[in-house]
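To keep things clear, I will list the structure first and then write my remarks on it.
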Amino acid sequence: MTRRHHGQRLRALLALVVLAGSLAIALTVPIRLGLDLRGGTQIVLETRSTPTTEADRAATDRTLEVLRGRIDALGVAEPTLVRSGDRRIIVELPGVQDPEQAAEVLGRTAQLTMHSVLGPADPSSPQGETAGGERVLPDESGQRLRLEAAGLTGQDVEGADARFDPQSGTGWHVTVDFSDSGQDRWTALTAEAACHPAGDPQRRVAIVLDDKVISSPQVDPSVACGAGIPGSSTQITGSFSDTEARELALLISGGALPVPVETIEQRTVGATLGDAAISAAAWAAVIGTALTALFIIVVYRLLGLLATVALACYGLISYAALAALGATLTLPGLAGFVLAIGMAVDANVLVFERAREEHAARRRPSPRSALTAGFRGAFSAIADSNVTTLIAAGLLFALASGPVRGFGVTLGIGVLASMVSALVITRLLAEFAVGRGPVRRRPRISGIADLGWVRRWLTRRDPFLMRRPRRWLAVSAAALVLAGSGVLVRGLDFGIEFTGGRLIEYRTSSPVDPDRARAALADAGLDRAVVQASGDGAVTVRAEDLSDADAATVERTVARLGGATEQVRDEMIGPSLGEELRRNALIALGLALGAQLLYLSVRFRWMFAVGAVGALAHDVVVLLGVFAWLGKPIDGLFLAALLTVVGYSVNDSVVLFDRIRELLGRDRATSPARLTNRAILQTLPRTVNTGMGAAIILGALAVLADDALTDFALALLIGLAVGTYSSVFTASPLTIVLHPEGPRKAPAPTRDGERRKVPSGRA
């Protein structure tokens with residue numbers, strides 16, 4: 001009793017601290033919204049050299065990727081970068097506090113070089129490169145120096161970091177890390193400088209950024225001539241403020257721009273979704289969440305009510321975490337929260353259904369003891385499903401960029417918050433409630449003493465679903481063939497984020513309401529056009545496959561809404577999800593799936609891991625095939641939905657496999673097919689109730705939200721249905737068939753309480 005009370009007090013203290021801190025952050029720190037929800041700053045950059053060859057255009061594309069790296073280093077999440085025409089790059093940044101500073105950082109070429117100093121230059125010497133290859137530049141004090149040709153360039157640098165060292169007196173400085181070739185060149189450069197006496201200008205090494213000497217330190221007198229300074233890094237010191245040091249480290253780490261650029265335009269732009277779409281989505285989310293909460297309360301009564309309170313706490317914790325980290329919330333990020341909310345609901349449902357099992361079996365006669373056993377029995381399933389999701393979220397954040405990285409951030413935050421909600425707050429409230437006198441006297445009030453309609457039906461019927469597992473695999477294979485034929489026959493209709501398209505900008509005599517423009521263009525057959533208004537009164541329309549006839553329709557529509565209309569720009573634009581971003585996203589997703597496969601192999605068995613990944617692949621192909629047959633667009637919102645479906649699929653499979661593993665640890669005589677069937681029936685109430693809760697909120701989005709979000713909700717609904725099916729009828733039969741002893745004999749458990757295989761081969 002004392003130990004239990006001690007645990008309750010610890011959970012209460014932890015919950016109080018977390019909720020108080022989250023509330024304080026939520027009230028004081030505003031959250032940043034992305035370009036799709038609020039808009040931001042648009043910066044148009046133009047290269048100074050006109051591309052004339054494919055190599056030049058490739059250099060412009062590389063410039064875009066360098067800019068993306070700089071923006072990531074600035075801490076700006078969810079930017080949009082597209083190439084417009086041959087020379088321009090459009091950069092859109094959400095929630096930037098200092099747009100002018102951002103434009104200055106983006107526009108710098110950042111050519112880093114390091115030189116031997118040949119001595120002072122004649123004051124009358126012109127600044128710049130001489131005929132002999134030398135360079136004349138002023139140092140930090142203004143004295144002109146003659147510099148030898150570069151000994152190191154930015155190609156020899158792996159990275160840079162701003163640091164503060166109060167003890168050495170250097171204050172803020174930048175540490176530069178060299179590559180292997182850079183280490184050798186740095187040693188040779190300092191070895192040559194060390195051959196000159198201390199105090200001689202030629203004993204200095206000049207560090208130059210964009211034709212400006214930012215530091216020219218003397219080589220320490222202890223360094224012998226010809227020896228040089230070995231090592232993989234050096235420091236750039238100077239009178240740097242923290243902002244200057246961080247900016248310098250950012251520029252060095254991001255690398256030099258292949259071609260110089262200049263800022264030709266900077267302005268504020270509105271949200272890409274529009275107020276009507278955002279308002280409709282918000283109402284749909286509120287109504288869907290309320291209906292989901294009502295469903296949980298109807299099914300689980302008092303415990304359902306307490307779980308709803310815990311989910312509200314989950315929302316507060318997640319919001320505060322996003323605000324504290326300075327993350328940018330976008331629609332793909334919200335998709336991550338949809339998955340995390342589903343997992344938070346799922347964790348509660350797992351516990352409550354396990355408690356119902358314990359109470360029905362009379363192993364735990366009181367609601368309180370059944371609830372405690374439910375938390376203990378469901379913990380491994382909750383932990384495994386959340387760990388696999390966190391593995392994916394971490395790798396997506398570390399390796400991907402753009403909306404995929406944003407999805408990883410919000411998914412990771414949501415999963416951690418959901419674990420606190422389910423395992424700490426729900427448990428604290430539930431244990432307190434079921435211990436009260438009225439609940440002990442009327443246990444059905446708690447929701448634990450009732451079997452639920454799904455379990456009652458299963459108790460009467462007891463179906464043997466896994467009697468012929470290969471038949472279920474044949475059904476799944478047929479679904480794959482049908483879906484795959486849709487991809488082959490109809491093809492995938494990639495949106496403007498993947499393909500690029502056409503951008504037309506107009507200036508009108510009166511402001512144009514973007515929502516009215518979107519509606520009018522949709523009525524004219526251009527329902528996939530992206531409309532944005534800017535602070536200077538301009539309106540831009542972006543769409544893929546925009547013909548001249550379509551452009552004329554757009555101009556007539558804008559003129560009808562805004563009066564006299566002047567076309568300012570008409571250019572072809574590149575994809576915002578460029579080749580490198582797509583490649584990094586695929587690498588991150590592949591590594592995430594590989595890491596999950598490895599984790600499941602360690603925690604379960606290799607055939608379970610293969611079954612989970614097989615079900616996941618089935619879900620992805622089916623979802624792509626359905627969208628191909630329906631002619632729906634494959635855009636950024638679909639990408640977010642697809643990642644969410646992947647998470648749901650793995651989570652469902654892990655919950656089922658955890659129950660199979662538990663049964664294997666207790667039963668050596670039953671065949672794998674029978675054990676798997678028993679696990680399916682025992683977890684089916686959880687599967688149905690969790691799926692219903694998620695389907696309610698997604699159905700509200702599909703019915704009530706704007707057209708921009710209908711396809712997003714449709715993809716999630718399809719993925720939810722297919723994922724629920726595949727975890728039972730694809731992953732489970734696959735593990736049975738793959739087991740070395742076949743469907744007829746029981747697998748020999750080895751981990752987590754399972755026993756080793758019997759040498760004689762007996763089950």
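To be explicit about the labels: the chains of the structure tokens are called A, B, and onward in the order shown, and within each one the residues are counted from 1, while ligands get numbers from 1 in the order they are shown.
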
* Asked: stretch 342-359 of chain A: which residues within 9 Å, counting only C-alpha atoms, same-chain residues fewer than 5 positions away excluded, as a ChimeraX atom specification?
  -> /A:296,300,303-304,307-308,311,314,337,364-367,369-379,381-382,385-386,414-415,417-419,421-423,426,447-452,648,651,655,682-683,685-687,689-691,693-694

* Which residues in stretch 560-680 of chain A does DSSP call alpha helix (DSSP H)? List them as a ChimeraX atom specification. -> /A:560-562,579-603,606-630,636-666,672-680

* Of the candidates A:Phe178, A:Thr644, A:His196, A:Ala517, which one gets nearest to A:Gly408 if we count only C-alpha atoms? ->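 Counting only C-alpha atoms, the residue closest to A:Gly408 is A:Thr644.
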
Produce a table with one row for each residue of stretch 127-226 of chain A that has an atom at most 9 Å from any atom of stretch 250-274 of chain A, each row naming the nearest atom pair and its distance in Å at one decimal; use only C-alpha atoms; arrange rows by chain and rising residue number; format as CSV.
```
residue,atom,partner,partner_atom,distance
A:Gly154,CA,A:Gly255,CA,6.5
A:Gln155,CA,A:Gly255,CA,8.0
A:Val157,CA,A:Ser253,CA,7.9
A:Glu158,CA,A:Ser253,CA,7.1
A:Gly159,CA,A:Ser253,CA,4.6
A:Ala160,CA,A:Ser253,CA,5.3
A:Asp161,CA,A:Leu250,CA,7.7
A:Ala162,CA,A:Leu250,CA,8.6
A:Val176,CA,A:Ile252,CA,8.2
A:Leu209,CA,A:Ile252,CA,8.8
```

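Proximity to A:Leu600 was assessed for A:Val654, A:Val622, A:Val424, A:Leu526 counting only C-alpha atoms; the smallest distance is recorded for A:Val654.
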
* To do: May I ask which of the residues A:Ala310, A:Ala640, A:Val208, A:Ala194 is the closest one to A:Gly151, counting only C-alpha atoms?
  =>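 Among the listed residues, the smallest separation from A:Gly151 belongs to A:Val208.
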
* **Filtered DSSP result for stretch 421-591 of chain A, state strand (DSSP E), as a list in words** =>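 After running DSSP on the backbone, stretch 421-591 of chain A has strand (DSSP E) at Asp493, Phe494, Gly501, Arg502, Leu503, Ile504, Glu505, Tyr506, Arg507, Thr508, Val530, Val531, Gln532, Ala533, Ala538, Val539, Thr540, Val541, Arg542, Ala543, Thr565, Glu566, Gln567, Val568, Arg569, Asp570, Glu571, Met572 and Ile573 of chain A.
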
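Separating atom CA of A:Leu325 from atom CA of A:Gly636 is a distance of 23.6 Å.
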
* Go through A:Leu591, A:Ala224, A:Leu684, A:Ile43 and flag the residue nearest A:Trp453, using only C-alpha atoms for the distances. =>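 That would be A:Leu684, the residue with the smallest distance to A:Trp453.
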
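The residue set within 10 Å of A:Glu100, counting only C-alpha atoms and dropping same-chain residues fewer than 4 places from it, reads Thr41, Ile43, Val96, Glu104, Val105, Leu106 and Gln266 of chain A.
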
* Asked: To one decimal place, how far is atom CA of A:Ile317 from atom CA of A:Ala24 in Å?
  ->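 We find that atom CA of A:Ile317 and atom CA of A:Ala24 lie 10.6 Å from each other.
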
* Two-atom distance - atom CA of A:Pro79, atom CA of A:Leu93 (Å) ->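 Computed distance, atom CA of A:Pro79 to atom CA of A:Leu93, equals 5.0 Å.
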
Excluding A:Ala392 and its own-chain neighbours fewer than 2 positions away, which residues fall within 9 Å of it when counting only C-alpha atoms? Please give them as a PDB file with C-alpha atoms, in the first residue's frame.
```
ATOM      1  CA  VAL A 387       9.372   3.634 -29.651  1.00  0.00           C
ATOM      2  CA  THR A 388       8.957   2.539 -33.273  1.00  0.00           C
ATOM      3  CA  THR A 389       7.187   5.815 -34.029  1.00  0.00           C
ATOM      4  CA  LEU A 390       9.863   7.869 -32.255  1.00  0.00           C
ATOM      5  CA  GLY A 394      13.865  11.147 -35.137  1.00  0.00           C
ATOM      6  CA  LEU A 395      15.266  10.000 -38.473  1.00  0.00           C
ATOM      7  CA  LEU A 396      12.829  12.148 -40.440  1.00  0.00           C
ATOM      8  CA  PHE A 397      13.906  15.166 -38.388  1.00  0.00           C
ATOM      9  CA  GLY A 408       8.893  14.465 -37.864  1.00  0.00           C
ATOM     10  CA  GLY A 412       7.905  13.276 -32.076  1.00  0.00           C
ATOM     11  CA  ALA A 588      15.171   9.279 -44.311  1.00  0.00           C
ATOM     12  CA  LEU A 589      12.000   7.236 -44.772  1.00  0.00           C
ATOM     13  CA  LEU A 591      16.324   4.400 -42.952  1.00  0.00           C
ATOM     14  CA  ALA A 592      13.357   4.869 -40.628  1.00  0.00           C
ATOM     15  CA  LEU A 593      11.708   1.713 -41.963  1.00  0.00           C
ATOM     16  CA  ALA A 595      15.483   0.968 -38.106  1.00  0.00           C
ATOM     17  CA  GLN A 596      11.929  -0.097 -37.273  1.00  0.00           C
ATOM     18  CA  GLY A 647       2.695   5.415 -38.670  1.00  0.00           C
TER      19      GLY A 647
END
```

* Can you list, as a list in words, every protein, DNA or RNA residue that comes within 7 Å of stretch 428-430 of chain A when you count only C-alpha atoms, leaving out same-chain residues fewer than 4 positions away? ->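 Listed by chain and then number, they are Gln8, Arg11, Ala12, Leu303, Leu306, Val424 and Val434 of chain A.
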
Select from stretch 456-552 of chain A every residue with an atom at most 10 Å from any atom of stretch 672-675 of chain A, then for each give the shortest pair of atoms and their distance in Å to one decimal, using only C-alpha atoms, rows by chain and rising number, as CSV.
```
residue,atom,partner,partner_atom,distance
A:Phe464,CA,A:Arg674,CA,7.7
A:Leu465,CA,A:Ala673,CA,8.8
A:Met466,CA,A:Ala673,CA,5.6
A:Arg467,CA,A:Ala673,CA,6.7
A:Arg468,CA,A:Ala673,CA,8.5
A:Pro469,CA,A:Ala673,CA,7.8
```
